[in-house]
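J.: My structure is stored as target25.cif, with mmCIF, C-alpha atoms.
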data_protein
loop_
_atom_site.label_atom_id
_atom_site.label_comp_id
_atom_site.auth_asym_id
_atom_site.auth_seq_id
_atom_site.Cartn_x
_atom_site.Cartn_y
_atom_site.Cartn_z
CA MET D 22 0.00 0.00 0.00
CA ASN D 23 1.35 3.38 -0.92
CA LYS D 24 2.27 5.67 1.96
CA HIS D 25 0.05 8.43 0.61
CA HIS D 26 -2.92 6.44 1.76
CA TRP D 27 -1.82 6.88 5.35
CA ASP D 28 -2.50 10.18 7.01
CA ASP D 29 -0.86 11.57 10.12
CA ALA D 30 -3.84 10.98 12.35
CA THR D 31 -3.85 7.30 11.49
CA LEU D 32 -0.13 7.02 11.99
CA SER D 33 -0.52 8.69 15.37
CA ALA D 34 -3.29 6.26 16.25
CA TYR D 35 -1.00 3.40 15.29
CA ILE D 36 1.69 4.68 17.64
CA ASP D 37 -0.82 4.84 20.44
CA GLY D 38 -2.21 1.37 19.80
CA GLU D 39 -5.56 2.80 18.83
CA LEU D 40 -6.03 1.17 15.45
CA ASP D 41 -8.19 -1.89 14.95
CA ALA D 42 -6.32 -5.09 14.10
CA GLY D 43 -7.09 -4.98 10.40
CA THR D 44 -5.90 -1.43 9.90
CA GLN D 45 -2.86 -2.02 12.01
CA ASN D 46 -1.88 -5.08 10.00
CA ALA D 47 -2.34 -3.20 6.76
CA LEU D 48 -0.18 -0.38 8.03
CA LEU D 49 2.53 -2.79 9.20
CA GLU D 50 2.50 -4.36 5.78
CA ALA D 51 2.78 -0.97 4.15
CA MET D 52 5.68 0.01 6.39
CA ALA D 53 7.50 -3.16 5.49
CA HIS D 54 7.59 -1.99 1.88
CA ASP D 55 7.84 1.72 2.36
CA LYS D 56 10.85 3.00 4.25
CA SER D 57 9.67 6.58 4.23
CA LEU D 58 6.41 5.55 5.84
CA SER D 59 8.33 3.78 8.61
CA GLU D 60 10.43 6.86 9.06
CA GLU D 61 7.36 9.02 9.35
CA VAL D 62 6.01 6.75 12.08
CA CYS D 63 9.35 6.98 13.89
CA ARG D 64 9.26 10.74 13.63
CA LEU D 65 5.81 10.92 15.15
CA ARG D 66 6.76 8.43 17.83
CA ARG D 67 9.64 10.66 18.82
CA THR D 68 7.22 13.17 20.28
CA ARG D 69 6.54 10.73 23.09
CA ASP D 70 10.24 10.56 23.88
CA TRP D 71 10.43 14.31 23.79
CA MET D 72 7.52 14.68 26.15
CA ARG D 73 9.08 12.26 28.58
CA SER D 74 12.42 13.99 28.30
CA GLY D 75 10.84 17.37 28.76
CA PHE D 76 8.53 16.59 31.63
CA GLY D 77 9.28 13.10 32.91
CA SER D 78 11.81 14.29 35.43
CA ALA D 79 9.75 17.20 36.71
CA GLU D 80 9.01 16.81 40.38
CA PRO D 81 6.52 18.80 42.39
CA PRO D 82 7.63 20.54 45.55
CA GLN D 83 7.16 18.48 48.68
CA ARG D 84 3.82 19.33 50.18
CA ALA D 85 1.52 17.74 52.66
CA LEU D 86 -1.59 16.15 51.31
CA PRO D 87 -4.39 18.68 51.60
CA LYS D 88 -7.13 17.95 54.07
CA ALA D 89 -9.84 19.99 52.49
CA ARG D 90 -10.49 21.92 49.38
CA ALA D 91 -9.06 25.41 49.36
CA HIS D 92 -10.27 28.22 47.20
CA TRP D 93 -7.88 29.78 44.75
CA PRO D 94 -7.31 33.14 46.41
CA ARG D 95 -6.79 31.61 49.81
CA LEU D 96 -4.53 28.91 48.46
CA ARG D 97 -2.34 31.23 46.49
CA SER D 98 -2.18 33.84 49.17
CA GLY D 99 -1.32 31.36 51.87
CA LEU D 100 1.40 29.83 49.83
CA ALA D 101 2.83 33.01 48.52
CA ALA D 102 5.70 33.29 50.96
CA SER D 103 6.95 29.76 50.54
CA LEU D 104 6.37 29.71 46.85
CA MET D 105 8.42 32.83 46.56
CA ALA D 106 11.44 30.63 46.98
CA LEU D 107 10.54 28.63 43.95
CA ALA D 108 11.73 29.88 40.65
CA ILE D 109 8.93 30.31 38.16
CA GLY D 110 10.89 27.97 36.01
CA VAL D 111 14.32 27.05 34.82
CA GLY D 112 15.18 27.76 31.25
CA GLY D 113 12.39 26.45 29.16
CA GLY D 114 10.07 26.12 32.10
CA LEU D 115 10.22 29.81 32.41
CA LEU D 116 9.83 30.28 28.73
CA GLY D 117 7.11 27.72 28.63
CA TYR D 118 5.22 29.73 31.15
CA VAL D 119 5.69 32.74 29.00
CA CYS D 120 4.46 31.04 25.94
CA ALA D 121 1.42 29.87 27.82
CA GLU D 122 0.72 33.27 29.24
CA ARG D 123 1.29 35.69 26.47
CA GLU D 124 -0.94 36.32 23.56
CA HIS D 125 1.75 35.96 20.94
CA PRO D 126 3.71 32.78 21.44
CA ALA D 127 6.92 31.25 20.39
CA GLY D 128 8.66 33.77 18.20
CA MET D 129 12.20 33.70 19.46
CA ALA D 130 15.09 35.62 18.09
CA GLN D 131 16.68 34.66 14.84
CA ALA D 132 20.19 35.00 16.29
CA THR D 133 21.52 36.12 19.60
CA ASP D 134 23.57 39.24 20.02
CA PRO D 135 26.47 38.63 22.45
CA ASN D 136 26.58 42.31 23.31
CA ARG D 137 23.06 42.40 24.65
CA ILE D 138 22.57 40.08 27.55
CA VAL D 139 19.64 39.46 29.79
CA LEU D 140 20.71 37.78 33.02
CA HIS D 141 18.06 35.96 35.01
CA ILE D 142 17.96 35.04 38.66
CA GLY D 143 15.02 33.21 40.19
CA ASP D 144 16.31 32.08 43.55
CA SER D 145 17.45 33.72 46.76
CA ASP D 146 20.76 31.93 47.11
CA PRO D 147 23.26 34.61 48.21
CA LYS D 148 25.99 32.76 46.39
CA HIS D 149 24.04 33.20 43.20
CA PHE D 150 23.64 36.89 43.95
CA GLY D 151 27.39 37.20 44.18
CA VAL D 152 28.03 35.23 41.02
CA LEU D 153 25.48 37.29 39.15
CA LEU D 154 26.86 40.64 40.25
CA ASP D 155 30.44 39.52 39.64
CA TYR D 156 29.52 38.47 36.14
CA THR D 157 27.62 41.66 35.48
CA GLU D 158 30.50 43.87 36.54
CA LYS D 159 33.08 41.81 34.74
CA PHE D 160 31.08 41.83 31.53
CA LEU D 161 30.46 45.55 31.69
CA ASN D 162 34.12 46.26 32.38
CA GLU D 163 35.49 43.99 29.70
CA HIS D 164 33.11 45.26 27.03
CA ARG D 165 32.86 48.89 28.00
CA ASN D 166 33.71 49.98 24.44
CA ASP D 167 31.53 47.48 22.64
CA GLY D 168 28.20 49.17 23.16
CA VAL D 169 26.98 46.36 25.36
CA LYS D 170 23.72 46.32 27.27
CA VAL D 171 22.96 44.21 30.30
CA GLU D 172 19.68 43.59 32.01
CA VAL D 173 19.42 41.70 35.27
CA VAL D 174 15.93 40.26 35.68
CA ALA D 175 14.90 38.92 39.06
CA ASN D 176 11.83 36.94 39.88
CA ALA D 177 10.59 34.62 42.65
CA GLY D 178 13.29 34.36 45.34
CA GLY D 179 15.67 36.32 43.15
CA LEU D 180 13.69 39.42 43.93
CA ASP D 181 15.52 39.63 47.25
CA LEU D 182 18.55 40.81 45.31
CA LEU D 183 16.72 43.98 44.40
CA ARG D 184 15.00 44.71 47.69
CA VAL D 185 16.18 47.24 50.18
CA HIS D 186 15.57 45.01 53.15
CA GLY D 187 16.11 41.70 51.52
CA SER D 188 19.53 41.87 49.97
CA ALA D 189 22.99 41.91 51.44
CA TYR D 190 24.10 42.98 47.99
CA GLU D 191 22.06 46.14 48.02
CA ALA D 192 25.13 48.40 48.04
CA ARG D 193 26.64 46.58 45.09
CA VAL D 194 23.45 46.84 43.09
CA ARG D 195 23.29 50.55 43.79
CA ALA D 196 26.95 50.99 42.89
CA ILE D 197 26.64 49.13 39.62
CA ASN D 198 23.52 51.06 38.76
CA GLU D 199 25.28 54.35 39.40
CA LYS D 200 28.51 53.44 37.67
CA TYR D 201 27.10 52.06 34.42
CA ASP D 202 24.37 53.56 32.32
CA ASN D 203 24.09 50.45 30.17
CA VAL D 204 22.78 48.18 32.87
CA GLN D 205 19.26 47.81 34.20
CA PHE D 206 17.95 45.84 37.12
CA ILE D 207 14.40 44.65 36.59
CA ALA D 208 12.05 43.19 39.16
CA CYS D 209 9.32 40.80 38.11
CA MET D 210 5.84 42.21 38.60
CA ASN D 211 4.44 38.83 39.56
CA ALA D 212 7.04 38.38 42.26
CA ILE D 213 6.19 41.80 43.66
CA ARG D 214 2.51 40.98 43.65
CA ASN D 215 3.15 37.70 45.42
CA LEU D 216 5.09 39.47 48.12
CA GLU D 217 2.31 41.97 48.53
CA LYS D 218 -0.23 39.19 48.78
CA ALA D 219 1.82 37.77 51.61
CA GLY D 220 1.68 41.16 53.30
CA ILE D 221 5.29 42.04 52.50
CA ASP D 222 6.34 45.31 50.94
CA ALA D 223 8.75 44.66 48.08
CA ASP D 224 10.57 47.96 48.74
CA LEU D 225 12.82 47.90 45.70
CA ILE D 226 16.23 49.51 45.53
CA GLN D 227 16.17 52.89 43.87
CA ASP D 228 16.26 52.83 40.07
CA VAL D 229 15.20 49.20 39.87
CA HIS D 230 12.70 48.88 37.05
CA THR D 231 9.48 46.93 37.08
CA GLY D 232 6.15 46.84 35.31
CA GLU D 233 6.04 43.49 33.56
CA THR D 234 6.65 39.91 34.51
CA ALA D 235 10.10 38.40 34.25
CA VAL D 236 8.99 35.88 31.72
CA ASP D 237 7.33 38.47 29.52
CA HIS D 238 10.39 40.61 29.61
CA ILE D 239 12.85 37.82 28.91
CA VAL D 240 10.89 36.49 26.00
CA LYS D 241 10.59 39.98 24.60
CA ARG D 242 14.35 40.30 24.76
CA LEU D 243 14.89 36.90 23.19
CA ARG D 244 12.69 37.93 20.34
CA GLU D 245 14.79 41.03 19.94
CA GLY D 246 17.91 38.93 19.70
CA TRP D 247 19.32 39.31 23.18
CA THR D 248 21.39 36.57 24.73
CA TYR D 249 19.78 34.89 27.70
CA ARG D 250 21.76 33.52 30.62
CA LYS D 251 20.40 32.12 33.80
CA VAL D 252 22.47 32.51 36.93
CA ASP D 253 23.08 28.75 37.04
CA SER D 254 25.02 29.03 33.80
CA LEU D 255 27.33 31.76 35.05
CA SER D 256 29.58 29.58 37.16
CA ASP D 257 32.11 29.44 34.37
CA ILE D 258 33.23 33.01 34.86
CA MET A 19 -19.34 -3.27 53.49
CA GLY A 20 -18.41 -3.17 57.14
CA ILE A 21 -17.04 -0.16 58.93
CA ILE A 22 -13.53 -1.59 59.02
CA SER A 23 -13.64 -2.32 55.30
CA CYS A 24 -14.89 1.18 54.61
CA ILE A 25 -12.05 2.68 56.60
CA LYS A 26 -9.49 0.48 54.87
CA SER A 27 -10.91 1.30 51.48
CA GLY A 28 -10.90 5.01 52.24
CA ALA A 29 -7.32 4.88 53.42
CA ALA A 30 -6.29 3.00 50.30
CA MET A 31 -7.96 5.54 48.06
CA ARG A 32 -6.35 8.38 49.96
CA SER A 33 -3.02 6.71 49.52
CA ARG A 34 -3.58 6.26 45.79
CA ILE A 35 -4.61 9.87 45.45
CA ALA A 36 -1.51 11.02 47.30
CA ALA A 37 0.67 8.83 45.10
CA SER A 38 -0.71 10.55 42.01
CA ARG A 39 0.83 13.90 42.83
CA GLU A 40 3.94 13.57 40.68
CA ARG A 41 2.12 12.32 37.62
CA LEU A 42 -0.54 15.01 37.92
CA TYR A 43 2.17 17.59 38.35
CA ARG A 44 3.98 16.60 35.17
CA VAL A 45 0.81 16.87 33.13
CA ALA A 46 -0.14 20.14 34.79
CA LEU A 47 3.32 21.48 34.04
CA ALA A 48 3.01 20.47 30.40
CA TRP A 49 -0.34 22.22 30.23
CA CYS A 50 0.52 25.47 31.93
CA GLY A 51 4.33 25.64 31.67
CA ASP A 52 4.66 27.20 35.10
CA ASP A 53 5.89 25.06 37.97
CA MET A 54 4.30 27.21 40.64
CA LEU A 55 0.93 27.20 38.97
CA ALA A 56 1.22 23.48 38.23
CA ASP A 57 1.84 22.84 41.90
CA ASP A 58 -1.19 24.89 42.86
CA LEU A 59 -3.36 23.11 40.32
CA VAL A 60 -2.29 19.73 41.61
CA GLN A 61 -2.81 20.70 45.22
CA GLU A 62 -6.28 21.93 44.36
CA THR A 63 -6.95 18.73 42.46
CA LEU A 64 -5.85 16.54 45.34
CA SER A 65 -7.84 18.57 47.79
CA LEU A 66 -10.98 18.25 45.72
CA ALA A 67 -10.36 14.58 45.06
CA LEU A 68 -10.05 13.83 48.76
CA GLN A 69 -13.19 15.74 49.42
CA LYS A 70 -15.20 14.00 46.69
CA VAL A 71 -13.65 10.57 46.59
CA HIS A 72 -16.71 9.01 48.16
CA GLN A 73 -18.62 10.02 45.03
CA LEU A 74 -16.36 7.91 42.83
CA ARG A 75 -18.25 4.68 42.30
CA ASP A 76 -15.74 2.87 40.13
CA HIS A 77 -12.42 2.98 41.90
CA GLU A 78 -10.71 1.69 38.80
CA ARG A 79 -11.51 5.02 37.21
CA LEU A 80 -9.61 6.93 39.84
CA ASN A 81 -6.80 7.91 37.51
CA ALA A 82 -9.02 9.32 34.78
CA TRP A 83 -11.17 10.97 37.43
CA LEU A 84 -8.19 12.76 38.91
CA TYR A 85 -7.21 14.14 35.52
CA SER A 86 -10.78 15.25 34.95
CA ILE A 87 -10.57 17.25 38.13
CA LEU A 88 -7.21 18.65 37.11
CA ASN A 89 -8.65 19.63 33.76
CA ASN A 90 -11.57 21.38 35.41
CA ARG A 91 -9.28 23.25 37.76
CA TRP A 92 -7.12 24.32 34.83
CA LYS A 93 -10.13 25.49 32.84
CA GLN A 94 -11.43 27.35 35.84
CA TYR A 95 -8.09 29.04 36.24
CA LEU A 96 -7.99 30.00 32.58
CA ARG A 97 -11.48 31.41 32.74
CA SER A 98 -10.49 33.55 35.66
CA ARG A 99 -7.42 34.79 33.85
CA ARG A 100 -8.28 35.09 30.20
CA PRO A 101 -11.98 34.70 29.53
CA HIS A 102 -11.67 35.44 25.84
CA GLU A 103 -8.66 33.36 24.92
CA ASP A 104 -9.15 31.10 21.96
CA LEU A 105 -8.10 27.79 23.43
CA ASP A 106 -7.82 26.02 20.12
CA ASP A 107 -6.02 28.65 18.17
CA ASP A 108 -3.63 26.82 15.91
CA ARG A 109 -1.04 29.52 16.28
CA VAL A 110 2.12 27.44 16.08
CA CYS A 111 1.60 26.82 12.39
CA ASP A 112 1.83 30.52 11.63
CA LYS A 113 5.00 31.07 13.60
CA PRO A 114 8.62 30.64 12.67
CA GLY A 115 9.91 27.13 13.06
CA PRO A 116 12.38 25.63 15.47
CA ASP A 117 15.22 27.57 13.97
CA THR A 118 13.97 30.39 16.10
CA LEU A 119 14.51 28.50 19.31
CA VAL A 120 17.52 29.51 21.28
CA ASP A 121 20.21 26.96 20.65
CA ARG A 122 21.81 27.12 24.02
CA PHE A 123 18.87 25.61 25.82
CA GLU A 124 19.01 21.99 26.73
CA ILE A 125 16.55 19.48 25.37
CA VAL A 126 14.29 19.77 28.39
CA SER A 127 14.00 23.47 27.98
CA ARG A 128 13.56 23.25 24.24
CA VAL A 129 10.84 20.66 24.59
CA ARG A 130 9.06 22.72 27.20
CA MET A 131 9.27 25.80 25.05
CA ALA A 132 7.96 23.93 22.06
CA VAL A 133 5.12 22.39 24.02
CA ALA A 134 4.22 25.76 25.45
CA ALA A 135 4.06 27.15 21.94
CA LEU A 136 1.41 24.63 20.94
CA PRO A 137 -2.22 25.63 21.16
CA LEU A 138 -3.61 24.99 24.60
CA GLU A 139 -6.01 22.26 23.55
CA GLN A 140 -3.29 20.41 21.70
CA ARG A 141 -1.04 20.56 24.76
CA ARG A 142 -3.79 19.14 26.85
CA VAL A 143 -4.26 16.10 24.66
CA LEU A 144 -0.57 15.57 24.01
CA ALA A 145 0.33 15.49 27.69
CA LEU A 146 -2.35 12.99 28.57
CA VAL A 147 -1.44 10.64 25.73
CA ASP A 148 2.33 10.95 25.54
CA LEU A 149 3.08 11.47 29.20
CA GLU A 150 0.40 9.43 30.86
CA GLY A 151 -0.42 6.93 28.15
CA PHE A 152 -4.15 7.42 28.32
CA SER A 153 -6.24 5.90 25.55
CA TYR A 154 -8.09 8.22 23.21
CA ASN A 155 -11.36 7.26 24.83
CA ASP A 156 -10.00 8.05 28.28
CA VAL A 157 -8.74 11.41 27.08
CA ALA A 158 -12.09 12.09 25.47
CA GLU A 159 -13.78 11.37 28.76
CA ILE A 160 -11.34 13.40 30.83
CA LEU A 161 -11.48 16.44 28.58
CA GLU A 162 -15.12 15.98 27.63
CA ILE A 163 -14.47 16.09 23.91
CA PRO A 164 -15.15 13.59 21.11
CA ALA A 165 -12.55 10.87 20.47
CA GLY A 166 -12.14 12.14 16.92
CA THR A 167 -11.18 15.53 18.28
CA VAL A 168 -8.63 13.89 20.54
CA MET A 169 -7.14 12.21 17.52
CA SER A 170 -6.98 15.29 15.34
CA ARG A 171 -5.57 17.50 18.10
CA LEU A 172 -3.01 14.88 18.94
CA HIS A 173 -1.61 14.52 15.48
CA ARG A 174 -1.58 18.28 15.00
CA ALA A 175 0.29 18.59 18.28
CA ARG A 176 2.84 16.01 17.20
CA LYS A 177 3.36 17.64 13.85
CA GLY A 178 3.69 20.97 15.60
CA LEU A 179 6.34 19.61 17.94
CA ILE A 180 8.29 18.12 15.07
CA ARG A 181 8.04 21.39 13.22
CA LEU A 182 9.44 23.22 16.22
CA LEU A 183 12.08 20.77 17.31
CA GLU A 184 13.16 19.25 14.03
CA PRO A 185 12.36 21.68 11.28
CA ASP A 186 14.25 19.69 8.69
CA GLN A 187 12.10 16.67 9.41
CA ALA A 188 8.76 18.41 9.35
CA THR A 189 7.91 17.69 5.77
CA GLY A 190 4.63 15.92 6.39
CA ASN A 191 3.43 12.96 4.44
CA GLY A 192 0.76 14.53 2.36
CA ALA A 193 -2.12 14.07 4.73
CA THR A 194 -5.36 15.67 3.76
CA ASN A 195 -8.54 16.41 5.60
CA GLU A 196 -10.27 13.69 3.63
CA ASN A 197 -7.68 11.20 4.71
CA THR A 198 -8.01 12.27 8.31
CA SER A 199 -11.71 11.67 8.22
CA ALA A 200 -11.10 8.25 6.81
CA SER A 201 -8.60 7.42 9.52
CA LEU A 202 -11.02 8.37 12.25
CA ARG A 203 -13.27 5.59 11.13
CA ARG A 204 -10.44 3.14 11.36
CA VAL A 205 -9.76 3.83 14.99
CA LYS A 206 -10.95 1.15 17.38
#
Render the structure in this file as structure tokens.
T.:
Amino acid sequence: MNKHHWDDATLSAYIDGELDAGTQNALLEAMAHDKSLSEEVCRLRRTRDWMRSGFGSAEPPQRALPKARAHWPRLRSGLAASLMALAIGVGGGLLGYVCAEREHPAGMAQATDPNRIVLHIGDSDPKHFGVLLDYTEKFLNEHRNDGVKVEVVANAGGLDLLRVHGSAYEARVRAINEKYDNVQFIACMNAIRNLEKAGIDADLIQDVHTGETAVDHIVKRLREGWTYRKVDSLSDI
Amino acid sequence: MGIISCIKSGAAMRSRIAASRERLYRVALAWCGDDMLADDLVQETLSLALQKVHQLRDHERLNAWLYSILNNRWKQYLRSRRPHEDLDDDRVCDKPGPDTLVDRFEIVSRVRMAVAALPLEQRRVLALVDLEGFSYNDVAEILEIPAGTVMSRLHRARKGLIRLLEPDQATGNGATNENTSASLRRVK
């Protein structure tokens, strides 16, 4: 049987064991004689491997089993403080969230510009704060004549870096902000809201920008061709 | 059923519900792309399941029932956030292909980005089938959509993923709408 008689939906159904015996046998017979048809089935089957690679290792935070149903506002508000410590996502998780949230998905940059970097921190590990600020200063110093631009975007626990009462690195952030006019520190709007829901004033360091979520901002920059680096990837400096 | 049996049965169900957290979380994460929200959705789902488990007559259906609850919680969340969003907008097809993905990201990130770029309804079906291995009929029941819709959304999702992750391979095999209709009749 010629492969053109087999459409994608049927091939997908074959992969999932959803075809009746007769159709499945006919398809197997066709694949035996049509290499490209077999390859197409393999291609479609790969999506399952991708899904398992992409999400199979994801583990939820440890939480006690709920005793009763909670309403959304109460649940989110009550959890806000502890959830603040959780990054919205690492790498693609973050971007995935973006793609799910924004109206215009997916369009990433055609090529990244090494002179425009958006640095992302989503946790409150002081060591990461130090690494991030070290990298920022080093990059700005080494490329001072290259027209570089750096944006440091903080969300979730990373917001502490940009808070007056939450960061031991407050003085360094201020100093960097004052010394360089090609750097911006940006606080995630969602993280600020979450703090406020928990009854905590974000109290950002002077000249820290905000107004949109970290994920929205990062994806916008990626679309514009900026290079993205998460703090985890900066250990090589 | 005696009181002791009832208690044992209830404890067993509670244990099974608790043990479902990770699997629910992975699907929720694939749907919403946000680990914090996924965690909330799952917690809500478990809470509701524990509250309503006595209403579940067929305990063998527990798994599908849990995902039904998760789906309802997700829909409720979406309604509260974006009441006018077109959930089945086939937007990935109009967007640049995988060449636009940022190369530096690892496969996990790239997959998550690609999945997030799929239309919401396609993501929903894809996660249930490819992550959880649900049958089309189970997915149809969980999502309250026809089995044929499950099938068409699934293959569109798979083609979309291939287009995003392996642009050179996304040539298609000449499927047509007519052929798709024919294939639906061949499904069990």
J.: Applied to the shown file, which residues does the PyMOL selection byres ((chain A and resi 27-39) around 10) return, written as a PyMOL selection string?
T.: (chain D and resi 80-87) or (chain A and resi 19+21-26+40-44+57+60-61+63-65+67-68+71-72+77+80-81+84-85)
J.: For the residues selected in the previous step, produce a file with C-alpha atoms as a short mmCIF file (atom, residue, chain, number, x, y, z; two decimals), keeping the file's coordinate frame.
T.:
data_model
loop_
_atom_site.label_atom_id
_atom_site.label_comp_id
_atom_site.auth_asym_id
_atom_site.auth_seq_id
_atom_site.Cartn_x
_atom_site.Cartn_y
_atom_site.Cartn_z
CA GLU D 80 9.01 16.81 40.38
CA PRO D 81 6.52 18.80 42.39
CA PRO D 82 7.63 20.54 45.55
CA GLN D 83 7.16 18.48 48.68
CA ARG D 84 3.82 19.33 50.18
CA ALA D 85 1.52 17.74 52.66
CA LEU D 86 -1.59 16.15 51.31
CA PRO D 87 -4.39 18.68 51.60
CA MET A 19 -19.34 -3.27 53.49
CA ILE A 21 -17.04 -0.16 58.93
CA ILE A 22 -13.53 -1.59 59.02
CA SER A 23 -13.64 -2.32 55.30
CA CYS A 24 -14.89 1.18 54.61
CA ILE A 25 -12.05 2.68 56.60
CA LYS A 26 -9.49 0.48 54.87
CA GLU A 40 3.94 13.57 40.68
CA ARG A 41 2.12 12.32 37.62
CA LEU A 42 -0.54 15.01 37.92
CA TYR A 43 2.17 17.59 38.35
CA ARG A 44 3.98 16.60 35.17
CA ASP A 57 1.84 22.84 41.90
CA VAL A 60 -2.29 19.73 41.61
CA GLN A 61 -2.81 20.70 45.22
CA THR A 63 -6.95 18.73 42.46
CA LEU A 64 -5.85 16.54 45.34
CA SER A 65 -7.84 18.57 47.79
CA ALA A 67 -10.36 14.58 45.06
CA LEU A 68 -10.05 13.83 48.76
CA VAL A 71 -13.65 10.57 46.59
CA HIS A 72 -16.71 9.01 48.16
CA HIS A 77 -12.42 2.98 41.90
CA LEU A 80 -9.61 6.93 39.84
CA ASN A 81 -6.80 7.91 37.51
CA LEU A 84 -8.19 12.76 38.91
CA TYR A 85 -7.21 14.14 35.52
#
J.: Counting all atoms listed in the file, what is within 12 Å of Gly151 (chain A), bar same-chain residues fewer than 4 positions away, as a PyMOL selection string?
T.: (chain D and resi 36-39+69+72-73) or (chain A and resi 41+45+81-82+143-147+155-157)
J.: Mind pulling up the distance from CA of Trp27 (chain D) to CA of Ala53 (chain D)?
T.: 13.7 Å
J.: Expand the PyMOL selection byres ((chain D and resi 64) around 12) into the individual residues it matches in the shown file, reporting them as a PyMOL selection string.
T.: (chain D and resi 29+32-33+36+57-63+65-71) or (chain A and resi 173+176-181+183-191)
J.: For CA of Leu183 (chain D) and CA of Val169 (chain D), quote the distance in Å rounded to one decimal.
T.: 21.8 Å
J.: Would you mind telling me which residue in D:Asn198, D:Asn211, D:Asn136, D:Thr157 lies nearest to chain A when using all atoms listed in the file?
T.: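 Going through D:Asn198, D:Asn211, D:Asn136, D:Thr157 one by one, the smallest distance to chain A is for D:Asn211.
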J.: Using CA of Gln73 (chain A) and CA of Pro164 (chain A) as the two end points, give the distance in Å to one decimal.
T.: 24.4 Å
